[in-house]
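J.: Provided herewith: work-v1.pdb, PDB, C-alpha atoms and all ligand atoms.
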ATOM      1  CA  MET A  86      62.148 147.864  -9.472  1.00  0.00           C
ATOM      2  CA  LEU A  87      62.402 147.717 -13.257  1.00  0.00           C
ATOM      3  CA  ARG A  88      58.685 146.983 -13.458  1.00  0.00           C
ATOM      4  CA  GLU A  89      58.046 150.134 -11.443  1.00  0.00           C
ATOM      5  CA  ILE A  90      60.233 152.232 -13.726  1.00  0.00           C
ATOM      6  CA  LEU A  91      58.505 150.849 -16.816  1.00  0.00           C
ATOM      7  CA  GLY A  92      55.106 151.338 -15.228  1.00  0.00           C
ATOM      8  CA  ILE A  93      54.209 147.646 -15.562  1.00  0.00           C
ATOM      9  CA  ALA A  94      52.069 146.324 -12.735  1.00  0.00           C
ATOM     10  CA  GLU A  95      51.110 142.754 -12.026  1.00  0.00           C
ATOM     11  CA  GLY A  96      47.820 141.152 -11.029  1.00  0.00           C
ATOM     12  CA  ILE A  97      45.548 143.359  -8.957  1.00  0.00           C
ATOM     13  CA  LEU A  98      48.004 146.266  -9.197  1.00  0.00           C
ATOM     14  CA  GLN A  99      47.388 146.622 -12.939  1.00  0.00           C
ATOM     15  CA  ASP A 100      43.615 146.600 -12.427  1.00  0.00           C
ATOM     16  CA  LEU A 101      43.856 149.184  -9.648  1.00  0.00           C
ATOM     17  CA  HIS A 102      45.927 151.413 -11.907  1.00  0.00           C
ATOM     18  CA  ASN A 103      43.406 151.081 -14.761  1.00  0.00           C
ATOM     19  CA  ASP A 104      40.552 152.124 -12.462  1.00  0.00           C
ATOM     20  CA  HIS A 105      42.579 155.091 -11.202  1.00  0.00           C
ATOM     21  CA  SER A 106      43.088 156.304 -14.781  1.00  0.00           C
ATOM     22  CA  GLU A 107      39.375 156.005 -15.569  1.00  0.00           C
ATOM     23  CA  VAL A 108      38.385 157.939 -12.451  1.00  0.00           C
ATOM     24  CA  ASP A 109      40.986 160.591 -13.227  1.00  0.00           C
ATOM     25  CA  VAL A 110      39.551 161.152 -16.726  1.00  0.00           C
ATOM     26  CA  LEU A 111      35.990 161.300 -15.358  1.00  0.00           C
ATOM     27  CA  LEU A 112      36.920 163.852 -12.671  1.00  0.00           C
ATOM     28  CA  GLU A 113      38.411 166.027 -15.401  1.00  0.00           C
ATOM     29  CA  GLU A 114      35.242 165.655 -17.533  1.00  0.00           C
ATOM     30  CA  ILE A 115      33.053 166.580 -14.573  1.00  0.00           C
ATOM     31  CA  LYS A 116      35.102 169.741 -14.037  1.00  0.00           C
ATOM     32  CA  ASP A 117      34.834 170.681 -17.733  1.00  0.00           C
ATOM     33  CA  SER A 118      31.120 169.846 -18.101  1.00  0.00           C
ATOM     34  CA  GLY A 119      29.022 172.881 -18.978  1.00  0.00           C
ATOM     35  CA  ASP A 120      25.492 171.851 -17.967  1.00  0.00           C
ATOM     36  CA  PRO A 121      23.955 170.337 -14.840  1.00  0.00           C
ATOM     37  CA  ALA A 122      22.474 167.257 -16.535  1.00  0.00           C
ATOM     38  CA  ALA A 123      25.793 166.224 -18.063  1.00  0.00           C
ATOM     39  CA  ARG A 124      27.588 166.938 -14.813  1.00  0.00           C
ATOM     40  CA  ARG A 125      25.102 164.894 -12.778  1.00  0.00           C
ATOM     41  CA  ARG A 126      25.387 161.967 -15.189  1.00  0.00           C
ATOM     42  CA  LEU A 127      29.204 162.059 -15.168  1.00  0.00           C
ATOM     43  CA  PHE A 128      29.273 162.350 -11.385  1.00  0.00           C
ATOM     44  CA  SER A 129      27.077 159.249 -11.116  1.00  0.00           C
ATOM     45  CA  VAL A 130      29.310 157.333 -13.531  1.00  0.00           C
ATOM     46  CA  MET A 131      32.436 158.407 -11.634  1.00  0.00           C
ATOM     47  CA  SER A 132      30.934 157.472  -8.243  1.00  0.00           C
ATOM     48  CA  GLY A 133      29.747 154.146  -9.654  1.00  0.00           C
ATOM     49  CA  LYS A 134      33.384 153.372 -10.394  1.00  0.00           C
ATOM     50  CA  LEU A 135      35.103 154.993  -7.435  1.00  0.00           C
ATOM     51  CA  LEU A 136      32.955 153.693  -4.561  1.00  0.00           C
ATOM     52  CA  PRO A 137      33.036 149.971  -5.479  1.00  0.00           C
ATOM     53  CA  HIS A 138      36.773 150.358  -6.218  1.00  0.00           C
ATOM     54  CA  LEU A 139      37.435 151.772  -2.731  1.00  0.00           C
ATOM     55  CA  GLN A 140      35.339 149.165  -0.970  1.00  0.00           C
ATOM     56  CA  ALA A 141      36.717 146.203  -2.935  1.00  0.00           C
ATOM     57  CA  GLU A 142      40.383 147.214  -2.669  1.00  0.00           C
ATOM     58  CA  GLN A 143      39.827 147.864   1.014  1.00  0.00           C
ATOM     59  CA  GLU A 144      38.616 144.292   1.520  1.00  0.00           C
ATOM     60  CA  VAL A 145      41.029 142.578  -0.847  1.00  0.00           C
ATOM     61  CA  LEU A 146      44.270 144.532  -0.469  1.00  0.00           C
ATOM     62  CA  TYR A 147      44.226 146.952   2.472  1.00  0.00           C
ATOM     63  CA  GLN A 148      42.950 144.483   5.045  1.00  0.00           C
ATOM     64  CA  ARG A 149      45.796 142.140   4.071  1.00  0.00           C
ATOM     65  CA  LEU A 150      48.372 144.950   4.225  1.00  0.00           C
ATOM     66  CA  GLN A 151      47.119 145.853   7.693  1.00  0.00           C
ATOM     67  CA  ARG A 152      48.085 142.332   8.746  1.00  0.00           C
ATOM     68  CA  GLY A 153      51.339 142.491   6.731  1.00  0.00           C
ATOM     69  CA  LYS A 154      54.811 141.396   7.748  1.00  0.00           C
ATOM     70  CA  SER A 155      56.416 144.835   7.583  1.00  0.00           C
ATOM     71  CA  ALA A 156      55.578 147.834   9.738  1.00  0.00           C
ATOM     72  CA  GLU A 157      55.447 149.980   6.594  1.00  0.00           C
ATOM     73  CA  SER A 158      52.690 147.809   5.084  1.00  0.00           C
ATOM     74  CA  ARG A 159      50.662 147.936   8.269  1.00  0.00           C
ATOM     75  CA  ARG A 160      51.038 151.713   8.518  1.00  0.00           C
ATOM     76  CA  PHE A 161      50.148 152.193   4.857  1.00  0.00           C
ATOM     77  CA  GLY A 162      47.130 149.906   5.264  1.00  0.00           C
ATOM     78  CA  ARG A 163      45.828 152.003   8.166  1.00  0.00           C
ATOM     79  CA  GLU A 164      46.470 155.399   6.591  1.00  0.00           C
ATOM     80  CA  GLY A 165      44.991 154.347   3.275  1.00  0.00           C
ATOM     81  CA  THR A 166      41.887 153.130   5.048  1.00  0.00           C
ATOM     82  CA  SER A 167      41.224 156.567   6.538  1.00  0.00           C
ATOM     83  CA  GLU A 168      41.796 158.175   3.152  1.00  0.00           C
ATOM     84  CA  HIS A 169      39.226 155.814   1.608  1.00  0.00           C
ATOM     85  CA  GLU A 170      36.745 156.862   4.270  1.00  0.00           C
ATOM     86  CA  ALA A 171      37.457 160.550   3.603  1.00  0.00           C
ATOM     87  CA  ALA A 172      36.927 160.149  -0.155  1.00  0.00           C
ATOM     88  CA  GLU A 173      33.700 158.199   0.378  1.00  0.00           C
ATOM     89  CA  GLN A 174      32.334 160.821   2.757  1.00  0.00           C
ATOM     90  CA  GLN A 175      33.218 163.575   0.302  1.00  0.00           C
ATOM     91  CA  VAL A 176      31.261 161.837  -2.495  1.00  0.00           C
ATOM     92  CA  GLN A 177      28.216 161.359  -0.212  1.00  0.00           C
ATOM     93  CA  LYS A 178      28.391 165.025   0.788  1.00  0.00           C
ATOM     94  CA  MET A 179      28.441 166.117  -2.872  1.00  0.00           C
ATOM     95  CA  PHE A 180      25.404 163.974  -3.710  1.00  0.00           C
ATOM     96  CA  LYS A 181      23.459 165.884  -1.059  1.00  0.00           C
ATOM     97  CA  LEU A 182      24.476 169.367  -2.234  1.00  0.00           C
ATOM     98  CA  GLY A 183      21.912 170.998  -4.504  1.00  0.00           C
ATOM     99  CA  ASP A 184      23.291 173.021  -7.381  1.00  0.00           C
ATOM    100  CA  LEU A 185      25.989 171.149  -9.289  1.00  0.00           C
ATOM    101  CA  MET A 186      27.002 174.271 -11.213  1.00  0.00           C
ATOM    102  CA  SER A 187      27.531 176.398  -8.081  1.00  0.00           C
ATOM    103  CA  ASP A 188      30.931 177.635  -6.883  1.00  0.00           C
ATOM    104  CA  ARG A 189      30.341 175.644  -3.703  1.00  0.00           C
ATOM    105  CA  TRP A 190      29.911 172.380  -5.582  1.00  0.00           C
ATOM    106  CA  GLU A 191      32.971 173.091  -7.718  1.00  0.00           C
ATOM    107  CA  ALA A 192      35.000 173.788  -4.568  1.00  0.00           C
ATOM    108  CA  GLU A 193      33.870 170.423  -3.169  1.00  0.00           C
ATOM    109  CA  LEU A 194      34.848 168.786  -6.467  1.00  0.00           C
ATOM    110  CA  LYS A 195      38.318 170.269  -6.077  1.00  0.00           C
ATOM    111  CA  VAL A 196      38.508 168.825  -2.548  1.00  0.00           C
ATOM    112  CA  LEU A 197      37.521 165.389  -3.866  1.00  0.00           C
ATOM    113  CA  THR A 198      39.962 165.568  -6.785  1.00  0.00           C
ATOM    114  CA  ASP A 199      42.831 166.531  -4.454  1.00  0.00           C
ATOM    115  CA  LEU A 200      41.946 163.721  -2.034  1.00  0.00           C
ATOM    116  CA  VAL A 201      41.830 161.152  -4.825  1.00  0.00           C
ATOM    117  CA  GLU A 202      45.027 162.398  -6.493  1.00  0.00           C
ATOM    118  CA  HIS A 203      46.974 162.401  -3.245  1.00  0.00           C
ATOM    119  CA  HIS A 204      45.705 158.955  -2.324  1.00  0.00           C
ATOM    120  CA  VAL A 205      46.372 157.424  -5.755  1.00  0.00           C
ATOM    121  CA  THR A 206      49.936 158.783  -5.796  1.00  0.00           C
ATOM    122  CA  GLU A 207      50.620 157.157  -2.408  1.00  0.00           C
ATOM    123  CA  GLU A 208      48.869 153.943  -3.355  1.00  0.00           C
ATOM    124  CA  GLU A 209      50.752 153.497  -6.617  1.00  0.00           C
ATOM    125  CA  SER A 210      54.121 154.232  -4.993  1.00  0.00           C
ATOM    126  CA  THR A 211      54.205 153.122  -1.334  1.00  0.00           C
ATOM    127  CA  GLY A 212      51.144 150.856  -1.547  1.00  0.00           C
ATOM    128  CA  PHE A 213      52.242 148.997  -4.662  1.00  0.00           C
ATOM    129  CA  SER A 214      55.768 148.541  -3.360  1.00  0.00           C
ATOM    130  CA  CYS A 215      54.449 147.185  -0.019  1.00  0.00           C
ATOM    131  CA  ALA A 216      52.154 144.818  -1.944  1.00  0.00           C
ATOM    132  CA  ARG A 217      55.088 143.578  -4.035  1.00  0.00           C
ATOM    133  CA  ASP A 218      57.055 142.902  -0.846  1.00  0.00           C
ATOM    134  CA  GLU A 219      54.201 141.130   0.912  1.00  0.00           C
ATOM    135  CA  PHE A 220      52.751 139.028  -1.927  1.00  0.00           C
ATOM    136  CA  ASP A 221      54.139 136.982  -4.778  1.00  0.00           C
ATOM    137  CA  LYS A 222      52.968 137.074  -8.375  1.00  0.00           C
ATOM    138  CA  GLU A 223      50.420 134.287  -7.927  1.00  0.00           C
ATOM    139  CA  GLN A 224      48.898 135.922  -4.879  1.00  0.00           C
ATOM    140  CA  LEU A 225      48.627 139.245  -6.731  1.00  0.00           C
ATOM    141  CA  GLU A 226      46.939 137.386  -9.584  1.00  0.00           C
ATOM    142  CA  ALA A 227      44.464 135.680  -7.226  1.00  0.00           C
ATOM    143  CA  MET A 228      43.739 139.046  -5.611  1.00  0.00           C
ATOM    144  CA  ARG A 229      42.926 140.443  -9.063  1.00  0.00           C
ATOM    145  CA  GLU A 230      40.160 137.831  -9.451  1.00  0.00           C
ATOM    146  CA  GLU A 231      38.861 138.499  -5.963  1.00  0.00           C
ATOM    147  CA  PHE A 232      38.895 142.272  -6.560  1.00  0.00           C
ATOM    148  CA  GLN A 233      36.941 142.023  -9.822  1.00  0.00           C
ATOM    149  CA  THR A 234      34.376 139.626  -8.349  1.00  0.00           C
ATOM    150  CA  ARG A 235      33.829 141.825  -5.321  1.00  0.00           C
ATOM    151  CA  LYS A 236      33.501 144.984  -7.433  1.00  0.00           C
ATOM    152  CA  ALA A 237      30.899 143.298  -9.629  1.00  0.00           C
ATOM    153  CA  GLN A 238      28.898 142.265  -6.544  1.00  0.00           C
ATOM    154  CA  LEU A 239      29.027 145.778  -5.141  1.00  0.00           C
ATOM    155  CA  ARG A 240      27.928 147.322  -8.462  1.00  0.00           C
ATOM    156  CA  ALA A 241      24.993 144.903  -8.637  1.00  0.00           C
ATOM    157  CA  GLN A 242      23.898 145.939  -5.139  1.00  0.00           C
ATOM    158  CA  VAL A 243      23.906 149.631  -6.081  1.00  0.00           C
ATOM    159  CA  GLY A 244      22.345 149.217  -9.525  1.00  0.00           C
TER     160      GLY A 244
HETATM  161 FE    FE A 301      42.863 152.490  -5.554  1.00  0.00          FE
HETATM  162 FE    FE A 302      42.989 153.185  -2.378  1.00  0.00          FE
END
Would you kindly transcribe this structure into structure tokens?

T.:
Amino acid sequence: MLREILGIAEGILQDLHNDHSEVDVLLEEIKDSGDPAARRRLFSVMSGKLLPHLQAEQEVLYQRLQRGKSAESRRFGREGTSEHEAAEQQVQKMFKLGDLMSDRWEAELKVLTDLVEHHVTEEESTGFSCARDEFDKEQLEAMREEFQTRKAQLRAQVG
């Protein structure tokens, strides 16, 4: 509880939080970008972080929560999984839309930002507290390694 109040997270939870902060900053920069080239570049950078993050945390954390001891963990694992799918689909949709400076694209960016913000808030509250109940410190540490290795593999596949 104290760790939660102080905002200190252990193992994989700290790494998840760091990624969330990076994505948050990038989404803000995309919104503020004034030309299509800069916006396209930032959107690629953001997606290159967000998509491997979603896939890796899905495999490393959410699949375990879905098989968790408590009903709350299992429910969170399922709901989070659909939110990951929604965020992924939204990114793919935005890659296909033409004009990045159009009102339409900016509206879709708002949809994505809201999806991500809502999901991250849930993940860092309910998700983190379920993970702390289900796993001990060593398991969270081992999951950190697994998460980073998996993300690196996924990035290599894309790049
Ligand atoms: Fe996450
Ligand atoms: Fe997530």

J.: At a cut-off of 10 Å, using all atoms listed in the file, what residues contact A:Arg217? Leave out same-chain residues fewer than 6 positions from it and give the result as an mmCIF file with C-alpha atoms, keeping the file's coordinate frame.

T.:
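Heads up, here's the output in around26.cif:
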data_model
loop_
_atom_site.group_PDB
_atom_site.id
_atom_site.type_symbol
_atom_site.label_atom_id
_atom_site.label_comp_id
_atom_site.auth_asym_id
_atom_site.auth_seq_id
_atom_site.Cartn_x
_atom_site.Cartn_y
_atom_site.Cartn_z
ATOM 1 C CA MET A 86 62.148 147.864 -9.472
ATOM 2 C CA ALA A 94 52.069 146.324 -12.735
ATOM 3 C CA GLU A 95 51.110 142.754 -12.026
ATOM 4 C CA LEU A 98 48.004 146.266 -9.197
ATOM 5 C CA THR A 211 54.205 153.122 -1.334
ATOM 6 C CA GLN A 224 48.898 135.922 -4.879
ATOM 7 C CA LEU A 225 48.627 139.245 -6.731
#

J.: Return as lines of an AutoDock Vina configuration file the box centre and box size in Å, one decimal, for an axis-aligned box around all listed atoms of stretch 189-193 of chain A padded by 6 Å per side.

T.:
center_x = 32.5
center_y = 173.0
center_z = -5.4
size_x = 17.1
size_y = 17.2
size_z = 16.5

J.: Could you list, as a list in words, all residues that come within 9 Å of ligand FE 301 (chain A)? Count only C-alpha atoms and all ligand atoms.

T.: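 For ligand FE 301 (chain A), the residues inside 9 Å are Leu98, Leu101, His102, Asp104, His105, Leu135, His138, Leu139, Glu142, Gln143, His169, Val201, His204, Val205, Glu208 and Glu209 of chain A.
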
J.: Using only C-alpha atoms, pick whichever of A:Ala172, A:Val110, A:Glu193, A:Ala141 has the shortest atom-to-atom distance to A:Thr234.

T.: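 Between A:Ala172, A:Val110, A:Glu193, A:Ala141, the residue approaching A:Thr234 most closely is A:Ala141.
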
J.: Please identify all polymer residues within 9 Å of stretch 146-157 of chain A, counting only C-alpha atoms, omitting same-chain residues fewer than 5 positions from it, and present them as number ranges by chain.

T.: A: 97, 141, 162-163, 165-166, 211-212, 215-216, 218-219, 228, 232

J.: With only C-alpha atoms as the counted atoms, please give the residues lying no more than 12 Å from stretch 118-123 of chain A, apart from itself and same-chain residues fewer than 2 positions off, as a count of residues only.

T.: 19

J.: Rounded to one decimal in Å, what is the spacing between atom CA of A:Arg189 and atom FE of ligand FE 302 (chain A)?

T.: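 Separation of atom CA of A:Arg189 and atom FE of ligand FE 302 (chain A): 25.8 Å.
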
J.: Kindly give the distance, in Å, that separates atom CA of A:Arg124 and atom CA of A:Asn103, rounded to a single decimal.

T.: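 Here the two named atoms are 22.4 Å from each other.
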
J.: Please, what distance in Å, to one decimal, runs between atom CA of A:Phe220 and atom CA of A:Glu107?

T.: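 Between atom CA of A:Phe220 and atom CA of A:Glu107 the gap works out to 25.6 Å.
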